[in-house]
Amino acid sequence: MAQLYGTSVPCVEVKDMEAEVFRAMLRFIYTDTAPELERSGWQATAQHLLEAADRYRLERLKRMCEEKVSTNISMSNVATTMALAEQHGCAKLKASYIEFILAAPENLCSRCDGRVRARELKPRGQYGHIMAKYKYFS
């Protein structure tokens, strides 16, 4: 932090964050709005912004992103959504993906008897610890 106050450092490098996401986070800090969540192509921005909000403890922004992401769960992003919810402690998002899976478990496996088989989910093995927590997965 001392570098931020010195005159020898003309800029601050923020690692592991895209410039667009950092700009959106700063806009939120100064204006308490996140118009990026309403633009087309908002899905990836919302996920990255949720990660940034969690990292910098911006709880309101995190909740806004969580709400937005939870309204758009599909077969193409359910695995990513599961990982995001687990990594960043998003209870609403976790409830949303579980609800999505339980609404149509047959969509997640090729042959299904009403129970989702963890070995048939893709990517394999990555979410086994999550699925073990819920009785609906075998």
# chains A, B, ... in the order shown; residues from 1 in each chain; ligands from 1
$ residues_around --residues "Thr71 of chain A" --least-positions-apart "6" --cutoff "10 Å" --atoms "only C-alpha atoms" --output "PyMOL selection string"
chain A and resi 93+96-97
$ residues_around --residues "Met82 of chain A" --least-positions-apart "4" --cutoff "9 Å" --atoms "only C-alpha atoms" --output "list in words"
Asn77, Val78, Glu86, Gln87, Leu93, Lys94, Tyr97, Ile98, Tyr127 and Ile130 of chain A
$ residues_around --residues "segment 61-63 of chain A" --least-positions-apart "4" --cutoff "8 Å" --atoms "only C-alpha atoms" --output "NGL selection string"
:A and (28 or 34 or 49-51 or 53-54 or 67)
$ write_last_selection --atoms "N, CA and C atoms" --output "PDB file, in the first residue's frame"
ATOM      1  N   PHE A  28     -19.281   1.156 -10.017  1.00  0.00           N
ATOM      2  CA  PHE A  28     -20.190   0.796  -8.929  1.00  0.00           C
ATOM      3  C   PHE A  28     -19.800   1.494  -7.629  1.00  0.00           C
ATOM      4  N   ALA A  34     -24.570  -0.508 -11.695  1.00  0.00           N
ATOM      5  CA  ALA A  34     -23.806  -1.444 -12.526  1.00  0.00           C
ATOM      6  C   ALA A  34     -24.529  -1.622 -13.861  1.00  0.00           C
ATOM      7  N   LEU A  49     -17.456  -9.897 -12.568  1.00  0.00           N
ATOM      8  CA  LEU A  49     -17.742  -8.840 -11.604  1.00  0.00           C
ATOM      9  C   LEU A  49     -18.099  -9.426 -10.242  1.00  0.00           C
ATOM     10  N   LEU A  50     -18.788 -10.557 -10.236  1.00  0.00           N
ATOM     11  CA  LEU A  50     -19.094 -11.240  -8.982  1.00  0.00           C
ATOM     12  C   LEU A  50     -17.795 -11.662  -8.288  1.00  0.00           C
ATOM     13  N   GLU A  51     -16.861 -12.195  -9.057  1.00  0.00           N
ATOM     14  CA  GLU A  51     -15.562 -12.587  -8.490  1.00  0.00           C
ATOM     15  C   GLU A  51     -14.835 -11.381  -7.890  1.00  0.00           C
ATOM     16  N   ALA A  53     -16.198  -8.516  -6.897  1.00  0.00           N
ATOM     17  CA  ALA A  53     -16.950  -8.035  -5.742  1.00  0.00           C
ATOM     18  C   ALA A  53     -16.655  -8.872  -4.507  1.00  0.00           C
ATOM     19  N   ASP A  54     -16.530 -10.164  -4.695  1.00  0.00           N
ATOM     20  CA  ASP A  54     -16.196 -11.038  -3.571  1.00  0.00           C
ATOM     21  C   ASP A  54     -14.784 -10.754  -3.076  1.00  0.00           C
ATOM     22  N   GLU A  67     -27.724 -12.278  -8.291  1.00  0.00           N
ATOM     23  CA  GLU A  67     -29.116 -12.251  -8.737  1.00  0.00           C
ATOM     24  C   GLU A  67     -29.199 -12.358 -10.255  1.00  0.00           C
TER      25      GLU A  67
END
$ closest_residue --among "A:Val69, A:Met25, A:Leu102, A:Cys11" --to "Ala44 of chain A" --atoms "only C-alpha atoms"
A:Val69
$ atom_distance --atom1 "atom CA of Glu36 of chain A" --atom2 "atom CA of Glu66 of chain A"
13.8 Å
$ decode --residues "segment 55-70 of chain A" --atoms "all heavy atoms" --output "PDB file, in the first residue's frame"
ATOM      1  N   ARG A  55     -13.854 -10.591  -3.994  1.00  0.00           N
ATOM      2  CA  ARG A  55     -12.454 -10.330  -3.626  1.00  0.00           C
ATOM      3  C   ARG A  55     -12.317  -9.037  -2.826  1.00  0.00           C
ATOM      4  O   ARG A  55     -11.587  -8.968  -1.844  1.00  0.00           O
ATOM      5  CB  ARG A  55     -11.581 -10.227  -4.875  1.00  0.00           C
ATOM      6  CG  ARG A  55     -10.114  -9.974  -4.520  1.00  0.00           C
ATOM      7  CD  ARG A  55      -9.259  -9.617  -5.706  1.00  0.00           C
ATOM      8  NE  ARG A  55      -9.298 -10.609  -6.756  1.00  0.00           N
ATOM      9  CZ  ARG A  55      -8.682 -10.460  -7.924  1.00  0.00           C
ATOM     10  NH1 ARG A  55      -7.999  -9.373  -8.185  1.00  0.00           N
ATOM     11  NH2 ARG A  55      -8.758 -11.399  -8.840  1.00  0.00           N
ATOM     12  N   TYR A  56     -13.046  -7.990  -3.236  1.00  0.00           N
ATOM     13  CA  TYR A  56     -12.923  -6.687  -2.581  1.00  0.00           C
ATOM     14  C   TYR A  56     -14.051  -6.407  -1.585  1.00  0.00           C
ATOM     15  O   TYR A  56     -14.231  -5.282  -1.129  1.00  0.00           O
ATOM     16  CB  TYR A  56     -12.825  -5.579  -3.632  1.00  0.00           C
ATOM     17  CG  TYR A  56     -11.534  -5.684  -4.410  1.00  0.00           C
ATOM     18  CD1 TYR A  56     -11.512  -6.214  -5.684  1.00  0.00           C
ATOM     19  CD2 TYR A  56     -10.334  -5.299  -3.829  1.00  0.00           C
ATOM     20  CE1 TYR A  56     -10.320  -6.344  -6.395  1.00  0.00           C
ATOM     21  CE2 TYR A  56      -9.146  -5.421  -4.522  1.00  0.00           C
ATOM     22  CZ  TYR A  56      -9.149  -5.948  -5.792  1.00  0.00           C
ATOM     23  OH  TYR A  56      -7.975  -6.087  -6.483  1.00  0.00           O
ATOM     24  N   ARG A  57     -14.836  -7.443  -1.287  1.00  0.00           N
ATOM     25  CA  ARG A  57     -15.891  -7.384  -0.273  1.00  0.00           C
ATOM     26  C   ARG A  57     -16.919  -6.294  -0.533  1.00  0.00           C
ATOM     27  O   ARG A  57     -17.304  -5.542   0.369  1.00  0.00           O
ATOM     28  CB  ARG A  57     -15.294  -7.258   1.120  1.00  0.00           C
ATOM     29  CG  ARG A  57     -14.462  -8.473   1.458  1.00  0.00           C
ATOM     30  CD  ARG A  57     -13.960  -8.457   2.855  1.00  0.00           C
ATOM     31  NE  ARG A  57     -13.195  -9.688   3.047  1.00  0.00           N
ATOM     32  CZ  ARG A  57     -12.257  -9.813   3.934  1.00  0.00           C
ATOM     33  NH1 ARG A  57     -11.965  -8.832   4.729  1.00  0.00           N
ATOM     34  NH2 ARG A  57     -11.608 -10.948   4.044  1.00  0.00           N
ATOM     35  N   LEU A  58     -17.363  -6.215  -1.752  1.00  0.00           N
ATOM     36  CA  LEU A  58     -18.429  -5.294  -2.151  1.00  0.00           C
ATOM     37  C   LEU A  58     -19.722  -6.107  -2.164  1.00  0.00           C
ATOM     38  O   LEU A  58     -20.165  -6.601  -3.195  1.00  0.00           O
ATOM     39  CB  LEU A  58     -18.133  -4.680  -3.525  1.00  0.00           C
ATOM     40  CG  LEU A  58     -16.835  -3.893  -3.626  1.00  0.00           C
ATOM     41  CD1 LEU A  58     -16.524  -3.547  -5.070  1.00  0.00           C
ATOM     42  CD2 LEU A  58     -16.912  -2.638  -2.770  1.00  0.00           C
ATOM     43  N   GLU A  59     -20.316  -6.265  -0.993  1.00  0.00           N
ATOM     44  CA  GLU A  59     -21.438  -7.191  -0.820  1.00  0.00           C
ATOM     45  C   GLU A  59     -22.649  -6.843  -1.669  1.00  0.00           C
ATOM     46  O   GLU A  59     -23.296  -7.735  -2.218  1.00  0.00           O
ATOM     47  CB  GLU A  59     -21.825  -7.296   0.659  1.00  0.00           C
ATOM     48  CG  GLU A  59     -20.764  -7.966   1.514  1.00  0.00           C
ATOM     49  CD  GLU A  59     -20.409  -9.369   1.055  1.00  0.00           C
ATOM     50  OE1 GLU A  59     -21.316 -10.142   0.676  1.00  0.00           O
ATOM     51  OE2 GLU A  59     -19.216  -9.702   1.072  1.00  0.00           O
ATOM     52  N   ARG A  60     -22.981  -5.577  -1.787  1.00  0.00           N
ATOM     53  CA  ARG A  60     -24.145  -5.204  -2.596  1.00  0.00           C
ATOM     54  C   ARG A  60     -23.915  -5.551  -4.061  1.00  0.00           C
ATOM     55  O   ARG A  60     -24.792  -6.095  -4.729  1.00  0.00           O
ATOM     56  CB  ARG A  60     -24.462  -3.718  -2.432  1.00  0.00           C
ATOM     57  CG  ARG A  60     -25.681  -3.262  -3.215  1.00  0.00           C
ATOM     58  CD  ARG A  60     -26.139  -1.873  -2.782  1.00  0.00           C
ATOM     59  NE  ARG A  60     -26.610  -1.032  -3.843  1.00  0.00           N
ATOM     60  CZ  ARG A  60     -27.630  -1.294  -4.650  1.00  0.00           C
ATOM     61  NH1 ARG A  60     -28.286  -2.430  -4.543  1.00  0.00           N
ATOM     62  NH2 ARG A  60     -28.009  -0.453  -5.578  1.00  0.00           N
ATOM     63  N   LEU A  61     -22.749  -5.255  -4.583  1.00  0.00           N
ATOM     64  CA  LEU A  61     -22.427  -5.600  -5.969  1.00  0.00           C
ATOM     65  C   LEU A  61     -22.437  -7.118  -6.148  1.00  0.00           C
ATOM     66  O   LEU A  61     -22.942  -7.626  -7.151  1.00  0.00           O
ATOM     67  CB  LEU A  61     -21.061  -5.017  -6.369  1.00  0.00           C
ATOM     68  CG  LEU A  61     -20.584  -5.330  -7.784  1.00  0.00           C
ATOM     69  CD1 LEU A  61     -21.571  -4.822  -8.827  1.00  0.00           C
ATOM     70  CD2 LEU A  61     -19.203  -4.730  -8.014  1.00  0.00           C
ATOM     71  N   LYS A  62     -21.916  -7.821  -5.190  1.00  0.00           N
ATOM     72  CA  LYS A  62     -21.908  -9.289  -5.254  1.00  0.00           C
ATOM     73  C   LYS A  62     -23.338  -9.823  -5.334  1.00  0.00           C
ATOM     74  O   LYS A  62     -23.635 -10.693  -6.143  1.00  0.00           O
ATOM     75  CB  LYS A  62     -21.178  -9.859  -4.041  1.00  0.00           C
ATOM     76  CG  LYS A  62     -21.080 -11.361  -4.042  1.00  0.00           C
ATOM     77  CD  LYS A  62     -20.317 -11.849  -2.818  1.00  0.00           C
ATOM     78  CE  LYS A  62     -20.370 -13.353  -2.687  1.00  0.00           C
ATOM     79  NZ  LYS A  62     -19.674 -13.825  -1.488  1.00  0.00           N
ATOM     80  N   ARG A  63     -24.225  -9.289  -4.503  1.00  0.00           N
ATOM     81  CA  ARG A  63     -25.627  -9.725  -4.517  1.00  0.00           C
ATOM     82  C   ARG A  63     -26.298  -9.393  -5.851  1.00  0.00           C
ATOM     83  O   ARG A  63     -27.083 -10.196  -6.372  1.00  0.00           O
ATOM     84  CB  ARG A  63     -26.408  -9.090  -3.372  1.00  0.00           C
ATOM     85  CG  ARG A  63     -26.133  -9.731  -2.029  1.00  0.00           C
ATOM     86  CD  ARG A  63     -27.133  -9.294  -0.966  1.00  0.00           C
ATOM     87  NE  ARG A  63     -27.338  -7.858  -0.907  1.00  0.00           N
ATOM     88  CZ  ARG A  63     -26.620  -7.006  -0.185  1.00  0.00           C
ATOM     89  NH1 ARG A  63     -25.626  -7.457   0.554  1.00  0.00           N
ATOM     90  NH2 ARG A  63     -26.882  -5.712  -0.185  1.00  0.00           N
ATOM     91  N   MET A  64     -25.982  -8.213  -6.409  1.00  0.00           N
ATOM     92  CA  MET A  64     -26.559  -7.832  -7.703  1.00  0.00           C
ATOM     93  C   MET A  64     -26.120  -8.802  -8.798  1.00  0.00           C
ATOM     94  O   MET A  64     -26.938  -9.251  -9.611  1.00  0.00           O
ATOM     95  CB  MET A  64     -26.131  -6.400  -8.075  1.00  0.00           C
ATOM     96  CG  MET A  64     -26.776  -5.324  -7.226  1.00  0.00           C
ATOM     97  SD  MET A  64     -26.034  -3.690  -7.459  1.00  0.00           S
ATOM     98  CE  MET A  64     -26.403  -3.351  -9.170  1.00  0.00           C
ATOM     99  N   CYS A  65     -24.851  -9.139  -8.811  1.00  0.00           N
ATOM    100  CA  CYS A  65     -24.314 -10.065  -9.811  1.00  0.00           C
ATOM    101  C   CYS A  65     -24.880 -11.468  -9.609  1.00  0.00           C
ATOM    102  O   CYS A  65     -25.250 -12.144 -10.569  1.00  0.00           O
ATOM    103  CB  CYS A  65     -22.793 -10.097  -9.752  1.00  0.00           C
ATOM    104  SG  CYS A  65     -22.014  -8.546 -10.239  1.00  0.00           S
ATOM    105  N   GLU A  66     -24.959 -11.883  -8.365  1.00  0.00           N
ATOM    106  CA  GLU A  66     -25.507 -13.201  -8.043  1.00  0.00           C
ATOM    107  C   GLU A  66     -26.949 -13.313  -8.525  1.00  0.00           C
ATOM    108  O   GLU A  66     -27.341 -14.318  -9.127  1.00  0.00           O
ATOM    109  CB  GLU A  66     -25.424 -13.420  -6.531  1.00  0.00           C
ATOM    110  CG  GLU A  66     -25.886 -14.759  -6.060  1.00  0.00           C
ATOM    111  CD  GLU A  66     -25.749 -14.935  -4.557  1.00  0.00           C
ATOM    112  OE1 GLU A  66     -25.410 -13.973  -3.835  1.00  0.00           O
ATOM    113  OE2 GLU A  66     -25.980 -16.056  -4.097  1.00  0.00           O
ATOM    114  N   GLU A  67     -27.724 -12.278  -8.291  1.00  0.00           N
ATOM    115  CA  GLU A  67     -29.116 -12.251  -8.737  1.00  0.00           C
ATOM    116  C   GLU A  67     -29.199 -12.358 -10.255  1.00  0.00           C
ATOM    117  O   GLU A  67     -29.991 -13.140 -10.799  1.00  0.00           O
ATOM    118  CB  GLU A  67     -29.789 -10.951  -8.265  1.00  0.00           C
ATOM    119  CG  GLU A  67     -31.219 -10.789  -8.732  1.00  0.00           C
ATOM    120  CD  GLU A  67     -32.174 -11.763  -8.068  1.00  0.00           C
ATOM    121  OE1 GLU A  67     -31.968 -12.102  -6.898  1.00  0.00           O
ATOM    122  OE2 GLU A  67     -33.134 -12.177  -8.738  1.00  0.00           O
ATOM    123  N   LYS A  68     -28.370 -11.608 -10.933  1.00  0.00           N
ATOM    124  CA  LYS A  68     -28.379 -11.597 -12.397  1.00  0.00           C
ATOM    125  C   LYS A  68     -27.962 -12.956 -12.959  1.00  0.00           C
ATOM    126  O   LYS A  68     -28.622 -13.491 -13.851  1.00  0.00           O
ATOM    127  CB  LYS A  68     -27.442 -10.493 -12.899  1.00  0.00           C
ATOM    128  CG  LYS A  68     -27.586 -10.195 -14.352  1.00  0.00           C
ATOM    129  CD  LYS A  68     -28.898  -9.515 -14.635  1.00  0.00           C
ATOM    130  CE  LYS A  68     -28.924  -9.038 -16.072  1.00  0.00           C
ATOM    131  NZ  LYS A  68     -30.186  -8.450 -16.442  1.00  0.00           N
ATOM    132  N   VAL A  69     -26.892 -13.526 -12.450  1.00  0.00           N
ATOM    133  CA  VAL A  69     -26.406 -14.819 -12.938  1.00  0.00           C
ATOM    134  C   VAL A  69     -27.427 -15.919 -12.655  1.00  0.00           C
ATOM    135  O   VAL A  69     -27.640 -16.812 -13.472  1.00  0.00           O
ATOM    136  CB  VAL A  69     -25.030 -15.167 -12.322  1.00  0.00           C
ATOM    137  CG1 VAL A  69     -24.606 -16.592 -12.662  1.00  0.00           C
ATOM    138  CG2 VAL A  69     -23.965 -14.180 -12.807  1.00  0.00           C
ATOM    139  N   SER A  70     -28.096 -15.847 -11.513  1.00  0.00           N
ATOM    140  CA  SER A  70     -29.043 -16.899 -11.136  1.00  0.00           C
ATOM    141  C   SER A  70     -30.282 -16.928 -12.028  1.00  0.00           C
ATOM    142  O   SER A  70     -30.980 -17.935 -12.076  1.00  0.00           O
ATOM    143  CB  SER A  70     -29.457 -16.767  -9.666  1.00  0.00           C
ATOM    144  OG  SER A  70     -30.266 -15.636  -9.482  1.00  0.00           O
TER     145      SER A  70
END
